[in-house]
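Chemist: Here it is, the structure in full.
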Amino acid sequence: MKKILLITTFLFQTIVSAGVSDWSIVNIKGDFWLKKKDSKTLKAKITKRTGKSKVTETKSVGDNYELIIYYAGSAGTFQLIDIYYAVIFDKKKNQFIGDYPWEYKAQEGSKKVDNPKWDISKKVIKINDPQTDLKKTIQLRSN
């Protein structure tokens, strides 16, 4: 039973991290870009704060779209907040749809931070971020 659990855990981690290894964040002349590793031209300018940005996770949205979640850095004076953004990527058209706040995490774990609310379905993504007053609805087309 332990062997099955270990194999299942390993397979799950491999599947989850497979998308992460497809992407990198690169600095080009002072601007930061999310770049598909197997393409010389497929890249999108991203939001950058401070610190070492990196892709942390990917999530499929239906068959055609993917969220590429990355650490954008930290901000704050009295309370440092780690900031994560998500880029919406159309896998069929090889197009970037947008770059939006995903999550804010207080570095001091006991502090509560208002986070963006993402409602995701196969047809639409709705984002409501109380920190930036962002209210966005993105229609997803089945290609």
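Ordered as shown in the structure tokens, chains take letters A, B, and onward, while each chain numbers its residues from 1 and ligands are numbered from 1 in the order shown.
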Give me, as JSON, numbers by chain, the residues of chain A that a backbone DSSP run labels strand (DSSP E).
Modeler: {"A": [23, 24, 25, 26, 27, 28, 31, 32, 33, 34, 35, 36, 43, 44, 45, 54, 55, 56, 57, 58, 59, 60, 61, 65, 66, 67, 68, 69, 70, 71, 72, 73, 74, 75, 81, 82, 83, 84, 85, 86, 87, 88, 89, 90, 95, 96, 97, 98, 99, 100, 101, 102, 103, 104, 105, 106, 117, 118, 119, 120, 124, 125, 126, 127, 128, 129, 134, 135, 136, 137, 138, 139]}
Chemist: Could you give me, as a tab-separated table, a per-residue list for region 81-108 of chain A showing, wherever an atom lies at most 10 Å from an atom of region 20-39 of chain A, the closest pair of atoms and their distance in Å to one decimal, using only C-alpha atoms and sorting by chain then residue number from low to high?
Modeler:
```
residue	atom	partner	partner_atom	distance
A:Val87	CA	A:Leu34	CA	8.6
A:Asn94	CA	A:Lys36	CA	9.9
A:Phe96	CA	A:Leu34	CA	9.9
```
Chemist: Restricting it to N, CA and C atoms, dump the selection as a PDB file, in the first residue's frame.
Modeler:
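selection_22.pdb, written as the output of this step:
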```pdb
ATOM      1  N   VAL A  87      -0.401  34.405 -15.570  1.00  0.00           N
ATOM      2  CA  VAL A  87      -0.553  34.747 -16.977  1.00  0.00           C
ATOM      3  C   VAL A  87      -1.516  33.728 -17.583  1.00  0.00           C
ATOM      4  N   ASN A  94      -1.305  29.909 -29.230  1.00  0.00           N
ATOM      5  CA  ASN A  94       0.002  30.357 -28.741  1.00  0.00           C
ATOM      6  C   ASN A  94       0.009  31.855 -28.479  1.00  0.00           C
ATOM      7  N   PHE A  96      -0.740  35.028 -25.410  1.00  0.00           N
ATOM      8  CA  PHE A  96      -0.918  35.423 -24.029  1.00  0.00           C
ATOM      9  C   PHE A  96      -2.160  36.304 -23.946  1.00  0.00           C
TER      10      PHE A  96
END
```
Chemist: Using only C-alpha atoms, which residues sit within 12 Å of Lys135 (chain A) once same-chain residues fewer than 6 positions away are excluded, as a list in words?
Modeler: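 Residues meeting the cut-off are Tyr100, Pro101, Pro116, Lys117, Trp118, Asp119, Ile125, Lys126, Ile127, Asn128 and Asp129 of chain A.
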Chemist: For CA of Lys136 (chain A) and CA of Ala75 (chain A), quote the distance in Å rounded to one decimal.
Modeler: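 Atom-to-atom, CA of Lys136 (chain A) to CA of Ala75 (chain A), that is 23.0 Å.
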Chemist: Just the residues within 6 Å of Asn64 (chain A), please, counting only C-alpha atoms, with nothing from its chain fewer than 3 positions along; format it as a VMD selection string.
Modeler: chain A and resid 90 to 92
Chemist: For the selection just defined, write its residues with N, CA and C atoms to a file, as a short mmCIF file (atom, residue, chain, number, x, y, z; two decimals), in the first residue's frame.
Modeler:
```cif
data_model
loop_
_atom_site.label_atom_id
_atom_site.label_comp_id
_atom_site.auth_asym_id
_atom_site.auth_seq_id
_atom_site.Cartn_x
_atom_site.Cartn_y
_atom_site.Cartn_z
N ASP A 90 -3.33 31.05 -24.12
CA ASP A 90 -4.13 30.26 -25.06
C ASP A 90 -3.19 29.27 -25.75
N LYS A 91 -3.31 28.00 -25.40
CA LYS A 91 -2.40 26.98 -25.93
C LYS A 91 -2.62 26.70 -27.41
N LYS A 92 -3.84 26.83 -27.88
CA LYS A 92 -4.13 26.55 -29.30
C LYS A 92 -3.59 27.64 -30.21
#
```
Chemist: Gly19 (chain A): which residues within 12 Å, counting only C-alpha atoms, same-chain residues fewer than 3 positions away excluded, as a list in words?
Modeler: Gln13, Thr14, Ile15, Val16, Asp22, Trp23, Ser24, Lys36, Lys37, Val55, Thr56, Glu57, Thr58, Lys59, Ser60, Glu66, Leu67, Ile68, Ile69, Phe89 and Lys91 of chain A
Chemist: Which polymer residues have any atom within 8 Å of an atom of Asp114 (chain A), counting only C-alpha atoms, with same-chain residues fewer than 5 positions away left out, as a list in words?
Modeler: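 Those residues are Tyr104, Pro130 and Gln131 of chain A.
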Chemist: So that I can see what lies close to Thr50 (chain A), please list as a list in words the residues with an atom at most 9 Å from it, counting only C-alpha atoms and leaving out residues fewer than 2 positions away in the same chain.
Modeler: Lys48, Lys52, Ser53, Ala72, Gly73, Ser74 and Ala75 of chain A
Chemist: Using all heavy atoms, can you write the selected residues to a file as a tab-separated table (two decimals), in the first residue's frame?
Modeler:
```tsv
chain	number	residue	atom	x	y	z
A	48	LYS	N	6.74	42.77	-12.39
A	48	LYS	CA	7.92	42.44	-11.58
A	48	LYS	C	8.00	43.40	-10.42
A	48	LYS	O	7.86	44.60	-10.59
A	48	LYS	CB	9.18	42.54	-12.46
A	48	LYS	CG	10.47	42.34	-11.72
A	48	LYS	CD	10.70	40.89	-11.37
A	48	LYS	CE	12.10	40.69	-10.84
A	48	LYS	NZ	12.14	40.32	-9.47
A	52	LYS	N	13.73	37.38	-6.69
A	52	LYS	CA	13.98	36.47	-7.80
A	52	LYS	C	12.65	35.88	-8.28
A	52	LYS	O	12.05	35.06	-7.60
A	52	LYS	CB	14.93	35.35	-7.34
A	52	LYS	CG	15.19	34.30	-8.36
A	52	LYS	CD	16.34	34.68	-9.25
A	52	LYS	CE	16.72	33.48	-10.11
A	52	LYS	NZ	16.79	33.77	-11.49
A	53	SER	N	12.18	36.32	-9.43
A	53	SER	CA	10.93	35.80	-9.98
A	53	SER	C	11.13	34.40	-10.51
A	53	SER	O	12.20	34.07	-11.05
A	53	SER	CB	10.42	36.70	-11.11
A	53	SER	OG	10.02	37.93	-10.59
A	72	ALA	N	6.17	37.17	-8.33
A	72	ALA	CA	6.54	38.46	-8.92
A	72	ALA	C	7.45	39.27	-8.02
A	72	ALA	O	8.01	40.28	-8.46
A	72	ALA	CB	5.27	39.26	-9.22
A	73	GLY	N	7.62	38.86	-6.77
A	73	GLY	CA	8.46	39.59	-5.84
A	73	GLY	C	7.69	39.91	-4.58
A	73	GLY	O	6.66	39.33	-4.30
A	74	SER	N	8.21	40.87	-3.81
A	74	SER	CA	7.55	41.27	-2.57
A	74	SER	C	7.42	42.77	-2.52
A	74	SER	O	8.13	43.50	-3.22
A	74	SER	CB	8.31	40.73	-1.36
A	74	SER	OG	9.62	41.23	-1.35
A	75	ALA	N	6.51	43.24	-1.66
A	75	ALA	CA	6.28	44.67	-1.49
A	75	ALA	C	5.81	44.90	-0.06
A	75	ALA	O	5.38	43.98	0.63
A	75	ALA	CB	5.23	45.16	-2.49
```
Chemist: Could you go through chain A and tell me which residues DSSP, when run on the backbone, assigns to alpha helix (DSSP H), listing them as a PyMOL selection string?
Modeler: chain A and resi 2-20
Chemist: Okay, now the selection with N, CA and C atoms, as a PDB file, in the first residue's frame?
Modeler:
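Full text of selection-v8.pdb as output:
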```pdb
ATOM      1  N   LYS A   2       1.947   1.259   0.804  1.00  0.00           N
ATOM      2  CA  LYS A   2       2.842   2.411   0.838  1.00  0.00           C
ATOM      3  C   LYS A   2       3.488   2.633  -0.519  1.00  0.00           C
ATOM      4  N   LYS A   3       3.822   1.542  -1.194  1.00  0.00           N
ATOM      5  CA  LYS A   3       4.460   1.641  -2.511  1.00  0.00           C
ATOM      6  C   LYS A   3       3.517   2.307  -3.513  1.00  0.00           C
ATOM      7  N   ILE A   4       2.248   1.935  -3.487  1.00  0.00           N
ATOM      8  CA  ILE A   4       1.258   2.528  -4.394  1.00  0.00           C
ATOM      9  C   ILE A   4       1.103   4.015  -4.087  1.00  0.00           C
ATOM     10  N   LEU A   5       1.055   4.349  -2.817  1.00  0.00           N
ATOM     11  CA  LEU A   5       0.930   5.747  -2.422  1.00  0.00           C
ATOM     12  C   LEU A   5       2.145   6.551  -2.879  1.00  0.00           C
ATOM     13  N   LEU A   6       3.339   6.018  -2.714  1.00  0.00           N
ATOM     14  CA  LEU A   6       4.552   6.706  -3.158  1.00  0.00           C
ATOM     15  C   LEU A   6       4.574   6.891  -4.670  1.00  0.00           C
ATOM     16  N   ILE A   7       4.205   5.875  -5.404  1.00  0.00           N
ATOM     17  CA  ILE A   7       4.175   5.962  -6.871  1.00  0.00           C
ATOM     18  C   ILE A   7       3.146   6.991  -7.312  1.00  0.00           C
ATOM     19  N   THR A   8       1.959   6.980  -6.701  1.00  0.00           N
ATOM     20  CA  THR A   8       0.903   7.936  -7.042  1.00  0.00           C
ATOM     21  C   THR A   8       1.361   9.357  -6.745  1.00  0.00           C
ATOM     22  N   THR A   9       1.972   9.573  -5.591  1.00  0.00           N
ATOM     23  CA  THR A   9       2.479  10.900  -5.233  1.00  0.00           C
ATOM     24  C   THR A   9       3.526  11.371  -6.229  1.00  0.00           C
ATOM     25  N   PHE A  10       4.462  10.503  -6.588  1.00  0.00           N
ATOM     26  CA  PHE A  10       5.501  10.849  -7.556  1.00  0.00           C
ATOM     27  C   PHE A  10       4.893  11.220  -8.908  1.00  0.00           C
ATOM     28  N   LEU A  11       3.936  10.431  -9.388  1.00  0.00           N
ATOM     29  CA  LEU A  11       3.300  10.714 -10.678  1.00  0.00           C
ATOM     30  C   LEU A  11       2.562  12.047 -10.642  1.00  0.00           C
ATOM     31  N   PHE A  12       1.852  12.314  -9.544  1.00  0.00           N
ATOM     32  CA  PHE A  12       1.125  13.572  -9.419  1.00  0.00           C
ATOM     33  C   PHE A  12       2.091  14.749  -9.458  1.00  0.00           C
ATOM     34  N   GLN A  13       3.195  14.676  -8.704  1.00  0.00           N
ATOM     35  CA  GLN A  13       4.168  15.765  -8.691  1.00  0.00           C
ATOM     36  C   GLN A  13       4.816  15.950 -10.060  1.00  0.00           C
ATOM     37  N   THR A  14       5.052  14.870 -10.752  1.00  0.00           N
ATOM     38  CA  THR A  14       5.632  14.957 -12.097  1.00  0.00           C
ATOM     39  C   THR A  14       4.664  15.649 -13.050  1.00  0.00           C
ATOM     40  N   ILE A  15       3.390  15.300 -12.983  1.00  0.00           N
ATOM     41  CA  ILE A  15       2.388  15.909 -13.856  1.00  0.00           C
ATOM     42  C   ILE A  15       2.235  17.390 -13.534  1.00  0.00           C
ATOM     43  N   VAL A  16       2.148  17.740 -12.251  1.00  0.00           N
ATOM     44  CA  VAL A  16       1.969  19.137 -11.850  1.00  0.00           C
ATOM     45  C   VAL A  16       3.169  19.984 -12.253  1.00  0.00           C
ATOM     46  N   SER A  17       4.377  19.475 -12.079  1.00  0.00           N
ATOM     47  CA  SER A  17       5.562  20.282 -12.374  1.00  0.00           C
ATOM     48  C   SER A  17       5.956  20.237 -13.845  1.00  0.00           C
ATOM     49  N   ALA A  18       5.315  19.396 -14.639  1.00  0.00           N
ATOM     50  CA  ALA A  18       5.668  19.310 -16.064  1.00  0.00           C
ATOM     51  C   ALA A  18       5.480  20.651 -16.748  1.00  0.00           C
ATOM     52  N   GLY A  19       4.361  21.352 -16.468  1.00  0.00           N
ATOM     53  CA  GLY A  19       4.116  22.644 -17.087  1.00  0.00           C
ATOM     54  C   GLY A  19       5.083  23.708 -16.613  1.00  0.00           C
ATOM     55  N   VAL A  20       5.498  23.642 -15.355  1.00  0.00           N
ATOM     56  CA  VAL A  20       6.431  24.621 -14.799  1.00  0.00           C
ATOM     57  C   VAL A  20       7.746  24.596 -15.566  1.00  0.00           C
TER      58      VAL A  20
END
```
Chemist: Give me, please, the distance in Å between CA of Trp102 (chain A) and CA of Tyr84 (chain A), quoted to one decimal.
Modeler: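 Those two atoms sit 5.4 Å apart.
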